[in-house]
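Asker: Dropping a structure here in structure tokens format, bear with me for questions.
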Amino acid sequence: LGGTASAPAATSATSSRATTATVAAQLRSATIQRYSLAHKLDAHRGCVNTLSWDPDGEVLLSGSDDCRLVLWTRWYHSLEPQPLVVETRHTRNIFCARFVPRSRQRQVVSCALDGSVRLNAVDHASGTDTLLGTSSHFVSKFCFLPGSSTNFITAGHDGRATLYDCRSPRRGSVLVNLSSIGGCTAISFDELGQTFALGCDDPLVRTYDPRMCSHDRPESSKPIAAYGVHSHLRAPLVGRMSFGASDVAFSSAGELVVNQRSADVYRFDTRRSPA
């Protein structure tokens, strides 16, 4: 009798999930169909690798393989976007660029394939910059510490996460050294600014408290936790290294979202102990 009674319940639950998924797909489709191309922003001469808004959502910043930064003023249907093209001193592809908080859109930090990290003055097209640091490999991403307008951490493909201060050029301090595993590929802080997630070439995304990292021996800095997909971790070594994170981000609810190369986008609840 028990087996007979559970079958309809299971069928009902499956049907309910299927209906919910169908409705969600229809809503997504309806939302996408409402979108149309408003403007084509045409100023770069190469692949655009990074986009970010200023805190007020008024100015869009883009960086490209052409080693240039472009600031786009907010546009409306009746107005064409007005680009300010800034020539930088990067010699190879710009991978990440962000406005310096509270700089009134006059300063931008950028990192690139040439391994350099630069502070750019972007209040005029000629641009002036300060070299903040260099890496032996390219630097793919960085993020400012929440609430700070001067300090940020980079993810370098030399396997190092390095803390920089815009006020102290060439004095970066390595917090984490994962060079024995692979290159660092992505970084993001949680909303409270107490923990940052660091993506690497391997399938694990590690979280760290910057206050607990060792500046003297960054290779000994221990993660608070590590998140990954069991099937990726069980893959052969060569295959395992293809599942590294291409980007990571925290939600306001404490969820960690990971976009993995050669795989899907995964969500981990950092409020629970990782399995």
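We name chains A, B, ... following the order of the structure tokens; residues begin at 1 in each chain, and ligands are numbered from 1 as shown.
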Give me the residues within 9 Å of Gly244 of chain A as a list in words, counting only C-alpha atoms and dropping any in the same chain fewer than 5 places off.

Answerer: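 Non-adjacent residues within range: Thr185, Gly199, Cys200, Asp201, Asp202, Pro203, Leu204, Val205, Asn259, Gln260, Arg261 and Ser262 of chain A.
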
Asker: For the selection just defined, write its residues with all heavy atoms to a file, as a compact mmCIF listing (two decimals), in the first residue's frame.

Answerer:
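And here's selection38.txt as it stands now:
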```
# COMPACT_ATOMS: atom_id res chain seq x y z
N THR A 185 42.20 33.29 -12.26
CA THR A 185 41.42 33.69 -13.42
C THR A 185 40.28 34.65 -13.12
O THR A 185 39.79 35.32 -14.03
CB THR A 185 40.83 32.45 -14.11
OG1 THR A 185 40.04 31.72 -13.15
CG2 THR A 185 41.94 31.53 -14.62
N GLY A 199 39.01 32.43 -8.40
CA GLY A 199 38.98 31.35 -9.38
C GLY A 199 40.38 31.02 -9.84
O GLY A 199 41.27 31.89 -9.88
N CYS A 200 40.60 29.77 -10.20
CA CYS A 200 41.92 29.30 -10.62
C CYS A 200 41.75 28.40 -11.84
O CYS A 200 40.64 28.16 -12.32
CB CYS A 200 42.59 28.55 -9.46
SG CYS A 200 44.35 28.18 -9.70
N ASP A 201 42.86 27.92 -12.39
CA ASP A 201 42.80 27.03 -13.55
C ASP A 201 42.18 25.69 -13.21
O ASP A 201 41.70 24.98 -14.10
CB ASP A 201 44.20 26.81 -14.12
CG ASP A 201 44.64 27.95 -15.02
OD1 ASP A 201 43.78 28.61 -15.61
OD2 ASP A 201 45.87 28.18 -15.14
N ASP A 202 42.20 25.30 -11.92
CA ASP A 202 41.60 24.02 -11.53
C ASP A 202 40.11 24.23 -11.24
O ASP A 202 39.62 25.36 -11.24
CB ASP A 202 42.35 23.41 -10.34
CG ASP A 202 42.10 24.16 -9.04
OD1 ASP A 202 41.59 25.29 -9.09
OD2 ASP A 202 42.43 23.62 -7.97
N PRO A 203 39.33 23.16 -10.99
CA PRO A 203 37.88 23.31 -10.84
C PRO A 203 37.42 23.95 -9.54
O PRO A 203 36.22 24.18 -9.38
CB PRO A 203 37.38 21.85 -10.92
CG PRO A 203 38.49 21.05 -11.47
CD PRO A 203 39.73 21.74 -11.04
N LEU A 204 38.32 24.21 -8.60
CA LEU A 204 37.91 24.75 -7.30
C LEU A 204 37.91 26.28 -7.30
O LEU A 204 38.82 26.92 -7.83
CB LEU A 204 38.84 24.25 -6.20
CG LEU A 204 38.70 22.78 -5.78
CD1 LEU A 204 39.77 22.43 -4.77
CD2 LEU A 204 37.31 22.52 -5.20
N VAL A 205 36.90 26.85 -6.67
CA VAL A 205 36.88 28.27 -6.37
C VAL A 205 37.05 28.40 -4.86
O VAL A 205 36.27 27.85 -4.08
CB VAL A 205 35.57 28.94 -6.81
CG1 VAL A 205 35.51 30.39 -6.33
CG2 VAL A 205 35.44 28.88 -8.33
N ASN A 259 31.06 30.79 -13.32
CA ASN A 259 31.00 30.45 -14.74
C ASN A 259 32.28 29.67 -15.05
O ASN A 259 33.38 30.23 -14.99
CB ASN A 259 30.92 31.72 -15.58
CG ASN A 259 30.73 31.43 -17.06
OD1 ASN A 259 30.53 30.28 -17.45
ND2 ASN A 259 30.80 32.45 -17.89
N GLN A 260 32.12 28.39 -15.38
CA GLN A 260 33.29 27.54 -15.60
C GLN A 260 33.53 27.29 -17.08
O GLN A 260 32.59 27.05 -17.84
CB GLN A 260 33.13 26.21 -14.86
CG GLN A 260 33.24 26.35 -13.35
CD GLN A 260 33.35 25.02 -12.65
OE1 GLN A 260 32.49 24.17 -12.78
NE2 GLN A 260 34.41 24.85 -11.89
N ARG A 261 34.79 27.35 -17.45
CA ARG A 261 35.16 27.05 -18.83
C ARG A 261 34.78 25.61 -19.15
O ARG A 261 34.86 24.72 -18.31
CB ARG A 261 36.67 27.23 -19.04
CG ARG A 261 37.20 28.60 -18.70
CD ARG A 261 38.63 28.75 -19.19
NE ARG A 261 39.52 27.79 -18.57
CZ ARG A 261 40.37 28.08 -17.59
NH1 ARG A 261 40.40 29.30 -17.11
NH2 ARG A 261 41.17 27.17 -17.09
N SER A 262 34.37 25.36 -20.39
CA SER A 262 34.03 24.02 -20.87
C SER A 262 32.90 23.39 -20.08
O SER A 262 32.75 22.17 -20.07
CB SER A 262 35.26 23.09 -20.82
OG SER A 262 36.34 23.65 -21.52
```

Asker: Quick one: everything within 7 Å of segment 37-53 of chain A, counting only C-alpha atoms, minus sequence neighbours fewer than 4 positions away in the same chain. Send it as a ChimeraX atom specification.

Answerer: /A:57,59-66,77,94-98

Asker: Could you write out the selected residues, including C-alpha atoms, as a compact mmCIF listing (two decimals), in the first residue's frame?

Answerer:
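Okay, selection.txt is ready:
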```
# COMPACT_ATOMS: atom_id res chain seq x y z
CA GLY A 57 24.75 54.27 -13.97
CA VAL A 59 28.73 56.40 -17.79
CA LEU A 60 29.67 53.06 -19.35
CA LEU A 61 33.35 52.09 -19.46
CA SER A 62 34.73 49.65 -22.01
CA GLY A 63 38.20 48.19 -22.62
CA SER A 64 39.46 46.32 -25.64
CA ASP A 65 42.20 44.46 -27.47
CA ASP A 66 43.02 47.82 -29.08
CA HIS A 77 16.45 56.99 -27.84
CA ILE A 94 42.94 45.19 -21.82
CA PHE A 95 41.06 42.51 -19.89
CA CYS A 96 39.47 44.43 -17.02
CA ALA A 97 38.76 48.11 -16.29
CA ARG A 98 36.84 49.75 -13.45
```

Asker: Pick out each residue of segment 149-251 of chain A that DSSP on the backbone tags as strand (DSSP E); I need them as number ranges by chain.

Answerer: A: 151-156, 160-165, 173-177, 184-189, 196-200, 205-208, 225-227, 245-250

Asker: With N, CA and C atoms kept, could you save the residues just selected as a CSV table (one decimal), in the first residue's frame?

Answerer:
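After the write, part.csv holds the following:
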```csv
chain,number,residue,atom,x,y,z
A,151,ASN,N,42.0,50.6,-2.5
A,151,ASN,CA,42.6,49.3,-2.4
A,151,ASN,C,41.8,48.3,-3.3
A,152,PHE,N,42.5,47.5,-4.0
A,152,PHE,CA,41.9,46.5,-4.9
A,152,PHE,C,42.8,45.3,-5.0
A,153,ILE,N,42.3,44.1,-5.3
A,153,ILE,CA,43.0,42.9,-5.4
A,153,ILE,C,42.9,42.4,-6.9
A,154,THR,N,44.1,42.0,-7.4
A,154,THR,CA,44.1,41.4,-8.8
A,154,THR,C,44.2,39.9,-8.8
A,155,ALA,N,43.7,39.3,-9.8
A,155,ALA,CA,43.9,37.9,-10.1
A,155,ALA,C,44.8,37.7,-11.3
A,156,GLY,N,46.0,37.3,-11.0
A,156,GLY,CA,47.1,37.2,-12.0
A,156,GLY,C,47.3,35.8,-12.5
A,160,ARG,N,48.9,34.4,-8.6
A,160,ARG,CA,49.0,35.3,-7.4
A,160,ARG,C,47.8,36.3,-7.4
A,161,ALA,N,47.3,36.4,-6.2
A,161,ALA,CA,46.3,37.5,-5.9
A,161,ALA,C,47.0,38.6,-5.1
A,162,THR,N,47.0,39.8,-5.7
A,162,THR,CA,47.9,40.8,-5.2
A,162,THR,C,47.1,42.0,-4.8
A,163,LEU,N,47.3,42.5,-3.6
A,163,LEU,CA,46.7,43.7,-3.1
A,163,LEU,C,47.4,45.0,-3.5
A,164,TYR,N,46.7,45.9,-4.1
A,164,TYR,CA,47.3,47.2,-4.5
A,164,TYR,C,46.6,48.4,-3.8
A,165,ASP,N,47.4,49.4,-3.7
A,165,ASP,CA,46.9,50.7,-3.2
A,165,ASP,C,47.2,51.8,-4.3
A,173,SER,N,51.2,43.9,-2.7
A,173,SER,CA,51.5,42.9,-1.7
A,173,SER,C,50.7,41.6,-2.1
A,174,VAL,N,51.5,40.5,-2.3
A,174,VAL,CA,50.8,39.3,-2.7
A,174,VAL,C,50.1,38.7,-1.4
A,175,LEU,N,48.8,38.4,-1.6
A,175,LEU,CA,48.1,37.8,-0.5
A,175,LEU,C,48.0,36.3,-0.6
A,176,VAL,N,47.8,35.8,-1.8
A,176,VAL,CA,47.6,34.3,-2.1
A,176,VAL,C,48.5,33.9,-3.3
A,177,ASN,N,49.2,32.8,-3.1
A,177,ASN,CA,50.0,32.3,-4.2
A,177,ASN,C,49.6,30.9,-4.5
A,184,CYS,N,45.5,32.4,-11.6
A,184,CYS,CA,44.3,32.9,-11.1
A,184,CYS,C,43.5,33.6,-12.2
A,185,THR,N,42.2,33.3,-12.3
A,185,THR,CA,41.4,33.7,-13.4
A,185,THR,C,40.3,34.6,-13.1
A,186,ALA,N,39.8,34.7,-11.9
A,186,ALA,CA,38.6,35.5,-11.6
A,186,ALA,C,38.6,35.8,-10.1
A,187,ILE,N,38.0,37.0,-9.7
A,187,ILE,CA,38.0,37.4,-8.3
A,187,ILE,C,36.7,38.2,-8.1
A,188,SER,N,36.1,38.1,-6.9
A,188,SER,CA,35.0,38.9,-6.5
A,188,SER,C,34.8,38.9,-5.0
A,189,PHE,N,34.4,40.0,-4.4
A,189,PHE,CA,34.2,40.2,-3.0
A,189,PHE,C,32.7,39.9,-2.7
A,196,PHE,N,36.7,37.2,-0.2
A,196,PHE,CA,36.8,37.2,-1.6
A,196,PHE,C,36.9,35.8,-2.2
A,197,ALA,N,36.3,35.6,-3.3
A,197,ALA,CA,36.3,34.3,-4.0
A,197,ALA,C,37.4,34.4,-5.1
A,198,LEU,N,38.2,33.4,-5.2
A,198,LEU,CA,39.3,33.4,-6.2
A,198,LEU,C,39.2,32.2,-7.1
A,199,GLY,N,39.0,32.4,-8.4
A,199,GLY,CA,39.0,31.3,-9.4
A,199,GLY,C,40.4,31.0,-9.8
A,200,CYS,N,40.6,29.8,-10.2
A,200,CYS,CA,41.9,29.3,-10.6
A,200,CYS,C,41.7,28.4,-11.8
A,205,VAL,N,36.9,26.8,-6.7
A,205,VAL,CA,36.9,28.3,-6.4
A,205,VAL,C,37.1,28.4,-4.9
A,206,ARG,N,38.1,29.1,-4.4
A,206,ARG,CA,38.4,29.2,-3.0
A,206,ARG,C,38.0,30.6,-2.5
A,207,THR,N,37.6,30.6,-1.3
A,207,THR,CA,37.2,31.9,-0.6
A,207,THR,C,38.3,32.2,0.5
A,208,TYR,N,38.6,33.4,0.6
A,208,TYR,CA,39.6,33.9,1.6
A,208,TYR,C,39.1,35.1,2.3
A,225,ALA,N,37.1,28.2,2.6
A,225,ALA,CA,36.3,27.1,2.0
A,225,ALA,C,36.7,27.0,0.5
A,226,ALA,N,36.3,25.9,-0.1
A,226,ALA,CA,36.6,25.7,-1.5
A,226,ALA,C,35.3,25.1,-2.1
A,227,TYR,N,34.9,25.5,-3.3
A,227,TYR,CA,33.7,25.0,-3.9
A,227,TYR,C,34.0,24.5,-5.3
A,245,ALA,N,37.5,28.5,-13.5
A,245,ALA,CA,36.5,29.5,-13.5
A,245,ALA,C,36.9,30.7,-14.5
A,246,SER,N,36.0,31.1,-15.3
A,246,SER,CA,36.2,32.3,-16.1
A,246,SER,C,35.7,33.5,-15.5
A,247,ASP,N,34.7,33.3,-14.5
A,247,ASP,CA,34.3,34.5,-13.7
A,247,ASP,C,33.5,34.0,-12.5
A,248,VAL,N,33.5,34.8,-11.5
A,248,VAL,CA,32.8,34.5,-10.2
A,248,VAL,C,32.1,35.8,-9.7
A,249,ALA,N,31.0,35.6,-9.0
A,249,ALA,CA,30.3,36.7,-8.5
A,249,ALA,C,29.4,36.2,-7.3
A,250,PHE,N,29.3,37.1,-6.3
A,250,PHE,CA,28.5,36.9,-5.1
A,250,PHE,C,27.1,37.6,-5.3
```

Asker: Hey, can you check how far atom CA of Arg272 of chain A sits from atom CA of Val257 of chain A?

Answerer: 14.4 Å

Asker: Report the residues of segment 43-270 of chain A whose backbone DSSP state falls under helix (DSSP H, G or I), written as a PyMOL selection string.

Answerer: chain A and resi 210-212+218-220+230-233+237-243

Asker: Once you have the residues from the selection above, write them out as a PDB file, in the first residue's frame, restricted to N, CA, C and O atoms.

Answerer:
```pdb
ATOM      1  N   PRO A 210      40.788  38.364   3.590  1.00  0.00           N
ATOM      2  CA  PRO A 210      42.065  39.071   3.362  1.00  0.00           C
ATOM      3  C   PRO A 210      42.826  39.372   4.638  1.00  0.00           C
ATOM      4  O   PRO A 210      44.050  39.486   4.624  1.00  0.00           O
ATOM      5  N   ARG A 211      42.116  39.462   5.764  1.00  0.00           N
ATOM      6  CA  ARG A 211      42.783  39.742   7.034  1.00  0.00           C
ATOM      7  C   ARG A 211      43.585  38.545   7.528  1.00  0.00           C
ATOM      8  O   ARG A 211      44.487  38.694   8.363  1.00  0.00           O
ATOM      9  N   MET A 212      43.242  37.352   7.026  1.00  0.00           N
ATOM     10  CA  MET A 212      43.908  36.133   7.464  1.00  0.00           C
ATOM     11  C   MET A 212      44.981  35.664   6.485  1.00  0.00           C
ATOM     12  O   MET A 212      45.646  34.652   6.726  1.00  0.00           O
ATOM     13  N   PRO A 218      52.674  34.073   1.151  1.00  0.00           N
ATOM     14  CA  PRO A 218      51.363  33.962   0.515  1.00  0.00           C
ATOM     15  C   PRO A 218      51.008  32.557   0.050  1.00  0.00           C
ATOM     16  O   PRO A 218      49.835  32.231  -0.077  1.00  0.00           O
ATOM     17  N   GLU A 219      52.033  31.716  -0.171  1.00  0.00           N
ATOM     18  CA  GLU A 219      51.749  30.334  -0.560  1.00  0.00           C
ATOM     19  C   GLU A 219      51.126  29.546   0.588  1.00  0.00           C
ATOM     20  O   GLU A 219      50.530  28.477   0.375  1.00  0.00           O
ATOM     21  N   SER A 220      51.235  30.066   1.793  1.00  0.00           N
ATOM     22  CA  SER A 220      50.670  29.367   2.952  1.00  0.00           C
ATOM     23  C   SER A 220      49.302  29.918   3.357  1.00  0.00           C
ATOM     24  O   SER A 220      48.711  29.433   4.322  1.00  0.00           O
ATOM     25  N   HIS A 230      31.640  17.852  -8.066  1.00  0.00           N
ATOM     26  CA  HIS A 230      32.290  16.561  -7.803  1.00  0.00           C
ATOM     27  C   HIS A 230      32.771  15.892  -9.088  1.00  0.00           C
ATOM     28  O   HIS A 230      33.891  15.366  -9.145  1.00  0.00           O
ATOM     29  N   SER A 231      31.965  15.916 -10.142  1.00  0.00           N
ATOM     30  CA  SER A 231      32.360  15.231 -11.381  1.00  0.00           C
ATOM     31  C   SER A 231      33.583  15.873 -12.011  1.00  0.00           C
ATOM     32  O   SER A 231      34.407  15.198 -12.624  1.00  0.00           O
ATOM     33  N   HIS A 232      33.745  17.190 -11.845  1.00  0.00           N
ATOM     34  CA  HIS A 232      34.922  17.874 -12.382  1.00  0.00           C
ATOM     35  C   HIS A 232      36.171  17.507 -11.582  1.00  0.00           C
ATOM     36  O   HIS A 232      37.259  17.363 -12.137  1.00  0.00           O
ATOM     37  N   LEU A 233      35.995  17.378 -10.282  1.00  0.00           N
ATOM     38  CA  LEU A 233      37.130  17.045  -9.426  1.00  0.00           C
ATOM     39  C   LEU A 233      37.619  15.618  -9.651  1.00  0.00           C
ATOM     40  O   LEU A 233      38.792  15.314  -9.408  1.00  0.00           O
ATOM     41  N   LEU A 237      43.599  14.631 -14.676  1.00  0.00           N
ATOM     42  CA  LEU A 237      44.263  15.915 -14.452  1.00  0.00           C
ATOM     43  C   LEU A 237      44.142  16.851 -15.649  1.00  0.00           C
ATOM     44  O   LEU A 237      43.798  18.019 -15.506  1.00  0.00           O
ATOM     45  N   VAL A 238      44.419  16.348 -16.852  1.00  0.00           N
ATOM     46  CA  VAL A 238      44.370  17.203 -18.040  1.00  0.00           C
ATOM     47  C   VAL A 238      42.959  17.755 -18.223  1.00  0.00           C
ATOM     48  O   VAL A 238      42.755  18.943 -18.462  1.00  0.00           O
ATOM     49  N   GLY A 239      41.953  16.882 -18.095  1.00  0.00           N
ATOM     50  CA  GLY A 239      40.579  17.332 -18.240  1.00  0.00           C
ATOM     51  C   GLY A 239      40.139  18.237 -17.111  1.00  0.00           C
ATOM     52  O   GLY A 239      39.361  19.175 -17.307  1.00  0.00           O
ATOM     53  N   ARG A 240      40.645  17.971 -15.910  1.00  0.00           N
ATOM     54  CA  ARG A 240      40.269  18.750 -14.735  1.00  0.00           C
ATOM     55  C   ARG A 240      40.670  20.215 -14.884  1.00  0.00           C
ATOM     56  O   ARG A 240      39.948  21.117 -14.459  1.00  0.00           O
ATOM     57  N   MET A 241      41.789  20.481 -15.515  1.00  0.00           N
ATOM     58  CA  MET A 241      42.275  21.848 -15.646  1.00  0.00           C
ATOM     59  C   MET A 241      41.483  22.650 -16.681  1.00  0.00           C
ATOM     60  O   MET A 241      41.666  23.857 -16.800  1.00  0.00           O
ATOM     61  N   SER A 242      40.592  21.992 -17.434  1.00  0.00           N
ATOM     62  CA  SER A 242      39.772  22.720 -18.400  1.00  0.00           C
ATOM     63  C   SER A 242      38.512  23.286 -17.757  1.00  0.00           C
ATOM     64  O   SER A 242      37.739  23.976 -18.415  1.00  0.00           O
ATOM     65  N   PHE A 243      38.279  22.984 -16.467  1.00  0.00           N
ATOM     66  CA  PHE A 243      37.079  23.432 -15.785  1.00  0.00           C
ATOM     67  C   PHE A 243      37.331  24.644 -14.897  1.00  0.00           C
ATOM     68  O   PHE A 243      36.523  24.933 -14.006  1.00  0.00           O
TER      69      PHE A 243
END
```

Asker: Go ahead and compute the interatomic distance for atom CA of Ser110 of chain A and atom CA of Cys143 of chain A, in Å to one decimal.

Answerer: 10.5 Å

Asker: Between atom CA of Gly193 of chain A and atom CA of Ser252 of chain A, what is the distance in Å, rounded to a tenth?

Answerer: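 That distance, rounded to one decimal, is 11.5 Å.
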
Asker: For Lys141 of chain A, which of A:His90, A:Arg34, A:His157, A:Lys222 is the closest residue, counting only C-alpha atoms?

Answerer: A:His157

Asker: From the list A:Thr150, A:Arg89, A:Asp209, A:His137, which residue is nearest Gln107 of chain A when using only C-alpha atoms?

Answerer: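 Nearest candidate to Gln107 of chain A out of A:Thr150, A:Arg89, A:Asp209, A:His137: A:Thr150.
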
Asker: Using only C-alpha atoms, which residue out of A:Val229, A:Cys67, A:Leu145, A:Val100 lies closest to Ser116 of chain A?

Answerer: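 Using only C-alpha atoms, Ser116 of chain A sits closest to A:Cys67.
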